[in-house]
>>> print(open('protein_22.cif').read())   # mmCIF, C-alpha atoms
data_protein
#
loop_
_atom_site.group_PDB
_atom_site.id
_atom_site.type_symbol
_atom_site.label_atom_id
_atom_site.label_comp_id
_atom_site.auth_asym_id
_atom_site.auth_seq_id
_atom_site.Cartn_x
_atom_site.Cartn_y
_atom_site.Cartn_z
ATOM 1 C CA MET A 626 -85.573 -3.285 159.522
ATOM 2 C CA ALA A 627 -85.323 -2.535 155.780
ATOM 3 C CA ARG A 628 -84.210 1.039 156.472
ATOM 4 C CA GLU A 629 -81.575 -0.187 158.936
ATOM 5 C CA LEU A 630 -80.131 -2.584 156.353
ATOM 6 C CA MET A 631 -80.156 0.214 153.772
ATOM 7 C CA ARG A 632 -78.286 2.496 156.173
ATOM 8 C CA THR A 633 -75.478 -0.064 156.329
ATOM 9 C CA GLY A 634 -75.308 -0.162 152.528
ATOM 10 C CA GLN A 635 -76.875 -3.591 152.155
ATOM 11 C CA ASN A 636 -79.422 -4.660 149.602
ATOM 12 C CA VAL A 637 -82.709 -5.830 151.114
ATOM 13 C CA LEU A 638 -84.739 -8.934 150.325
ATOM 14 C CA VAL A 639 -88.143 -9.460 151.957
ATOM 15 C CA THR A 640 -89.665 -12.911 151.451
ATOM 16 C CA ARG A 641 -93.292 -13.968 151.892
ATOM 17 C CA ALA A 642 -94.488 -10.413 151.287
ATOM 18 C CA ASP A 643 -98.119 -10.201 150.258
ATOM 19 C CA PRO A 644 -99.276 -7.419 147.887
ATOM 20 C CA GLU A 645 -100.510 -5.243 150.746
ATOM 21 C CA GLN A 646 -97.182 -5.459 152.572
ATOM 22 C CA ALA A 647 -95.298 -4.770 149.347
ATOM 23 C CA ALA A 648 -97.477 -1.726 148.644
ATOM 24 C CA HIS A 649 -96.775 -0.368 152.123
ATOM 25 C CA LEU A 650 -93.046 -0.962 151.679
ATOM 26 C CA SER A 651 -93.153 0.771 148.277
ATOM 27 C CA GLU A 652 -94.860 3.801 149.828
ATOM 28 C CA GLU A 653 -92.113 4.033 152.455
ATOM 29 C CA ILE A 654 -89.235 3.144 150.108
ATOM 30 C CA PRO A 655 -90.077 4.011 146.469
ATOM 31 C CA GLN A 656 -87.218 1.986 144.925
ATOM 32 C CA THR A 657 -88.831 -1.249 146.155
ATOM 33 C CA ARG A 658 -89.231 -3.891 143.458
ATOM 34 C CA TYR A 659 -91.973 -6.487 144.002
ATOM 35 C CA ALA A 660 -92.151 -9.882 142.301
ATOM 36 C CA ALA A 661 -95.770 -10.893 142.968
ATOM 37 C CA LEU A 662 -95.522 -14.542 141.926
ATOM 38 C CA ALA A 663 -92.455 -15.007 144.135
ATOM 39 C CA ARG A 664 -93.953 -12.890 146.931
ATOM 40 C CA VAL A 665 -90.550 -11.198 147.262
ATOM 41 C CA ALA A 666 -89.812 -7.503 147.659
ATOM 42 C CA SER A 667 -86.300 -6.250 147.049
ATOM 43 C CA ILE A 668 -84.465 -2.975 147.417
ATOM 44 C CA GLU A 669 -81.130 -2.613 145.664
ATOM 45 C CA ILE A 670 -78.854 -0.017 147.210
ATOM 46 C CA ARG A 671 -75.915 -1.171 145.107
ATOM 47 C CA PRO A 672 -75.872 -3.160 141.871
ATOM 48 C CA VAL A 673 -75.793 -6.934 142.218
ATOM 49 C CA THR A 674 -72.445 -8.293 141.056
ATOM 50 C CA PRO A 675 -72.823 -11.401 138.905
ATOM 51 C CA LEU A 676 -70.985 -14.325 140.490
ATOM 52 C CA PRO A 677 -68.698 -16.456 138.293
ATOM 53 C CA TYR A 678 -70.575 -19.740 138.608
ATOM 54 C CA SER A 679 -72.286 -22.039 136.179
ATOM 55 C CA PRO A 680 -76.053 -21.484 136.180
ATOM 56 C CA VAL A 681 -78.513 -23.170 138.508
ATOM 57 C CA ALA A 682 -81.204 -25.275 136.840
ATOM 58 C CA LEU A 683 -84.513 -24.219 138.409
ATOM 59 C CA ILE A 684 -86.996 -26.997 137.670
ATOM 60 C CA CYS A 685 -90.745 -27.148 138.339
ATOM 61 C CA ALA A 686 -92.947 -30.188 137.948
ATOM 62 C CA GLY A 687 -96.033 -28.194 136.965
ATOM 63 C CA THR A 688 -97.128 -24.647 136.422
ATOM 64 C CA ALA A 689 -98.872 -24.720 139.806
ATOM 65 C CA ASP A 690 -95.432 -25.064 141.427
ATOM 66 C CA LEU A 691 -94.417 -21.580 140.307
ATOM 67 C CA PRO A 692 -93.636 -20.441 143.860
ATOM 68 C CA ALA A 693 -90.187 -21.626 142.726
ATOM 69 C CA GLU A 694 -89.922 -18.010 141.667
ATOM 70 C CA GLU A 695 -88.932 -17.334 145.289
ATOM 71 C CA CYS A 696 -85.781 -19.316 144.473
ATOM 72 C CA ALA A 697 -85.264 -17.273 141.333
ATOM 73 C CA GLU A 698 -85.502 -13.979 143.217
ATOM 74 C CA MET A 699 -83.074 -15.178 145.876
ATOM 75 C CA LEU A 700 -80.555 -16.386 143.281
ATOM 76 C CA ARG A 701 -80.893 -13.103 141.375
ATOM 77 C CA ALA A 702 -80.309 -11.100 144.563
ATOM 78 C CA PHE A 703 -77.043 -12.966 145.135
ATOM 79 C CA GLY A 704 -75.848 -12.588 141.543
ATOM 80 C CA LEU A 705 -76.300 -16.209 140.489
ATOM 81 C CA SER A 706 -77.549 -17.025 137.026
ATOM 82 C CA PHE A 707 -80.245 -19.639 136.541
ATOM 83 C CA GLU A 708 -82.260 -21.317 133.840
ATOM 84 C CA ARG A 709 -85.947 -22.078 134.320
ATOM 85 C CA LEU A 710 -87.291 -25.426 133.210
ATOM 86 C CA TYR A 711 -90.974 -25.414 134.147
ATOM 87 C CA ASP A 712 -93.834 -27.842 133.591
ATOM 88 C CA VAL A 713 -91.632 -30.927 133.214
ATOM 89 C CA GLY A 714 -93.203 -33.241 135.794
ATOM 90 C CA VAL A 715 -93.149 -37.025 135.732
ATOM 91 C CA ALA A 716 -96.610 -37.136 134.106
ATOM 92 C CA GLY A 717 -94.911 -35.825 130.949
ATOM 93 C CA LEU A 718 -91.363 -37.063 131.429
ATOM 94 C CA HIS A 719 -90.531 -36.537 127.742
ATOM 95 C CA ARG A 720 -90.540 -32.764 128.411
ATOM 96 C CA LEU A 721 -87.730 -33.153 130.943
ATOM 97 C CA LEU A 722 -85.741 -35.623 128.861
ATOM 98 C CA SER A 723 -85.911 -33.393 125.794
ATOM 99 C CA ARG A 724 -84.111 -30.630 127.746
ATOM 100 C CA ARG A 725 -81.262 -32.671 129.260
ATOM 101 C CA GLU A 726 -78.665 -30.278 127.821
ATOM 102 C CA ILE A 727 -79.594 -27.824 130.583
ATOM 103 C CA PHE A 728 -77.931 -30.151 133.104
ATOM 104 C CA ASP A 729 -74.695 -30.254 131.117
ATOM 105 C CA ARG A 730 -74.177 -26.555 131.724
ATOM 106 C CA SER A 731 -75.649 -26.300 135.248
ATOM 107 C CA ALA A 732 -73.791 -26.323 138.551
ATOM 108 C CA LEU A 733 -76.751 -27.751 140.444
ATOM 109 C CA ALA A 734 -80.499 -28.225 140.228
ATOM 110 C CA ILE A 735 -83.297 -26.986 142.451
ATOM 111 C CA VAL A 736 -86.397 -29.090 141.839
ATOM 112 C CA VAL A 737 -89.843 -27.956 143.028
ATOM 113 C CA ALA A 738 -92.728 -30.444 142.963
ATOM 114 C CA GLY A 739 -95.989 -31.357 144.620
ATOM 115 C CA MET A 740 -98.201 -34.462 144.348
ATOM 116 C CA GLU A 741 -96.020 -37.421 145.423
ATOM 117 C CA GLY A 742 -92.780 -35.436 145.016
ATOM 118 C CA ALA A 743 -91.238 -37.831 142.479
ATOM 119 C CA LEU A 744 -89.509 -35.327 140.192
ATOM 120 C CA PRO A 745 -86.401 -34.686 142.357
ATOM 121 C CA SER A 746 -85.771 -38.433 142.507
ATOM 122 C CA VAL A 747 -86.014 -38.656 138.705
ATOM 123 C CA VAL A 748 -83.672 -35.690 138.250
ATOM 124 C CA GLY A 749 -81.306 -37.126 140.869
ATOM 125 C CA GLY A 750 -81.099 -40.322 138.842
ATOM 126 C CA LEU A 751 -80.287 -38.452 135.621
ATOM 127 C CA VAL A 752 -77.575 -36.035 136.755
ATOM 128 C CA SER A 753 -74.278 -35.946 138.623
ATOM 129 C CA ILE A 754 -74.743 -32.386 139.938
ATOM 130 C CA PRO A 755 -76.201 -31.631 143.397
ATOM 131 C CA VAL A 756 -80.015 -31.721 143.570
ATOM 132 C CA ILE A 757 -82.015 -29.678 146.087
ATOM 133 C CA ALA A 758 -85.702 -30.595 146.402
ATOM 134 C CA VAL A 759 -88.559 -28.333 147.492
ATOM 135 C CA PRO A 760 -91.962 -29.921 148.142
ATOM 136 C CA THR A 761 -95.189 -28.008 147.605
ATOM 137 C CA SER A 762 -98.775 -28.689 148.628
ATOM 138 C CA VAL A 763 -99.968 -28.903 145.021
ATOM 139 C CA GLY A 764 -101.936 -32.068 144.366
ATOM 140 C CA TYR A 765 -105.158 -33.949 144.934
ATOM 141 C CA GLY A 766 -106.710 -35.944 147.747
ATOM 142 C CA GLY A 767 -104.196 -37.435 150.177
ATOM 143 C CA GLY A 768 -101.372 -34.972 149.567
ATOM 144 C CA GLY A 769 -101.716 -33.724 153.138
ATOM 145 C CA GLY A 770 -100.748 -30.122 152.455
ATOM 146 C CA GLY A 771 -97.404 -31.125 150.982
ATOM 147 C CA LEU A 772 -96.582 -33.909 153.439
ATOM 148 C CA ALA A 773 -96.836 -36.586 150.715
ATOM 149 C CA ALA A 774 -94.365 -34.686 148.511
ATOM 150 C CA LEU A 775 -92.060 -34.105 151.493
ATOM 151 C CA ALA A 776 -92.125 -37.795 152.440
ATOM 152 C CA GLY A 777 -91.535 -38.821 148.823
ATOM 153 C CA MET A 778 -88.522 -36.549 148.549
ATOM 154 C CA LEU A 779 -87.090 -37.656 151.879
ATOM 155 C CA THR A 780 -87.313 -41.295 150.753
ATOM 156 C CA SER A 781 -85.892 -40.628 147.280
ATOM 157 C CA CYS A 782 -84.351 -43.581 145.457
ATOM 158 C CA ALA A 783 -81.687 -41.217 144.099
ATOM 159 C CA ALA A 784 -78.895 -40.862 146.645
ATOM 160 C CA GLY A 785 -77.833 -37.449 147.839
ATOM 161 C CA VAL A 786 -80.955 -35.419 147.105
ATOM 162 C CA THR A 787 -81.101 -32.597 149.664
ATOM 163 C CA VAL A 788 -84.647 -31.799 150.811
ATOM 164 C CA CYS A 789 -85.944 -28.475 152.137
ATOM 165 C CA ASN A 790 -89.212 -27.899 153.953
ATOM 166 C CA ILE A 791 -92.539 -27.392 152.176
ATOM 167 C CA TYR A 792 -92.458 -24.234 150.015
ATOM 168 C CA ASN A 793 -89.004 -23.287 151.321
ATOM 169 C CA GLY A 794 -87.681 -21.791 148.107
ATOM 170 C CA PHE A 795 -85.627 -19.336 150.142
ATOM 171 C CA GLY A 796 -83.862 -22.172 151.980
ATOM 172 C CA ALA A 797 -83.218 -24.089 148.753
ATOM 173 C CA ALA A 798 -81.672 -21.046 147.085
ATOM 174 C CA PHE A 799 -79.545 -20.315 150.149
ATOM 175 C CA ALA A 800 -78.320 -23.933 150.201
ATOM 176 C CA ALA A 801 -77.419 -23.588 146.517
ATOM 177 C CA ILE A 802 -75.456 -20.415 147.233
ATOM 178 C CA ARG A 803 -73.517 -22.126 150.036
ATOM 179 C CA ILE A 804 -72.743 -25.167 147.886
ATOM 180 C CA LEU A 805 -71.484 -23.035 145.003
ATOM 181 C CA GLN A 806 -69.419 -20.694 147.145
ATOM 182 C CA SER A 807 -67.693 -23.597 148.895
ATOM 183 C CA THR A 808 -66.928 -25.606 145.752
ATOM 184 C CA PRO A 809 -64.414 -24.061 143.328
ATOM 185 C CA ARG A 810 -65.204 -26.590 140.575
ATOM 186 C CA TYR A 811 -68.442 -24.750 139.824
ATOM 187 C CA ARG A 812 -66.667 -21.526 138.961
ATOM 188 C CA LEU A 813 -66.694 -20.501 135.342
ATOM 189 C CA ASP A 814 -63.539 -19.751 133.429
ATOM 190 C CA SER A 815 -63.197 -18.683 129.810
ATOM 191 C CA ARG A 816 -63.975 -22.239 128.649
ATOM 192 C CA GLY A 817 -67.111 -22.770 130.730
ATOM 193 C CA PRO A 818 -67.662 -24.851 133.876
ATOM 194 C CA ALA A 819 -64.509 -26.329 135.411
#
>>> encode(input="protein_22.cif", output="structure tokens")
Amino acid sequence: MARELMRTGQNVLVTRADPEQAAHLSEEIPQTRYAALARVASIEIRPVTPLPYSPVALICAGTADLPAEECAEMLRAFGLSFERLYDVGVAGLHRLLSRREIFDRSALAIVVAGMEGALPSVVGGLVSIPVIAVPTSVGYGGGGGGLAALAGMLTSCAAGVTVCNIYNGFGAAFAAIRILQSTPRYRLDSRGPA
């Protein structure tokens, strides 16, 4: 499949690739780039053109939620800029509040969290930009493999938080791309966000 996409001149993005799969792909196609934390392999046939949008705020509750890097790789592959804001969960809310300026320059926020999934609701209450939530299975005891975080995000007190499935960083990034491409107000001009 990767070779077929390359033949048509398209860049290739392979998600959920484990190291063994990435090694095999690299043997077959030497220009393969592998981001191990994201579990994403990419092959760039043509340079990625940066898109003229304000950056995406990519937010993680804890360092164990770093599969958000899948989002980062997807955004990068589509030419969207992003800013990482990691380890800012509700257990240390001061870390999030001390970085509020990130939201002033962001077009939207993708928030990745486990445990009870409270962080997207907190972010949704602080900002006026779209918020996309991604639950993870990180947590203790009754987390149910991410079901507690998913349920918490689906029942968010903050209105309008969009929720993706557990660990669906790809889906969250794709939703962000669709939102930005369909909303001219997020385009940058010489003065910054419109």
>>> atom_distance(input="protein_22.cif", atom1="CA of Arg724 in chain A", atom2="CA of Leu751 in chain A")
11.7 Å
>>> residues_near_point(input="protein_22.cif", point="(-82.8, -32.6, 130.9)", cutoff="12 Å", atoms="only C-alpha atoms", output="count of residues only")
32
>>> residues_around(input="protein_22.cif", residues="Ala797 in chain A", least_positions_apart="4", cutoff="12 Å", atoms="all atoms listed in the file", output="JSON, numbers by chain")
{"A": [681, 683, 693, 694, 695, 696, 697, 698, 699, 700, 733, 734, 735, 736, 737, 755, 756, 757, 758, 759, 760, 786, 787, 788, 789, 790, 791, 792, 793, 801, 802, 803, 804]}
>>> atom_distance(input="protein_22.cif", atom1="CA of Arg671 in chain A", atom2="CA of Leu638 in chain A")
12.9 Å
>>> closest_residue(input="protein_22.cif", among="A:Ala784, A:Ala648, A:Ala774, A:Ala732", to="Ser679 in chain A", atoms="all atoms listed in the file")
A:Ala732
>>> resolve_selection(input="protein_22.cif", expression="the PyMOL selection byres ((chain A and resi 772) around 10)", output="JSON, numbers by chain")
{"A": [739, 740, 741, 742, 760, 761, 762, 767, 768, 769, 770, 771, 773, 774, 775, 776, 777, 778, 790, 791]}
>>> resolve_selection(input="protein_22.cif", expression="the PyMOL selection byres ((chain A and resi 658) around 9)", output="MDAnalysis selection string")
chainID A and resid 647 651 655:657 659:660 665:669
>>> closest_residue(input="protein_22.cif", among="A:Ser706, A:Glu652, A:Gln646, A:Arg664", to="Leu805 in chain A", atoms="only C-alpha atoms")
A:Ser706
>>> resolve_selection(input="protein_22.cif", expression="the PyMOL selection byres ((chain A and resi 675) around 6)", output="PyMOL selection string")
chain A and resi 674+676+704
>>> atom_distance(input="protein_22.cif", atom1="CA of Arg701 in chain A", atom2="CA of Ala642 in chain A")
17.0 Å
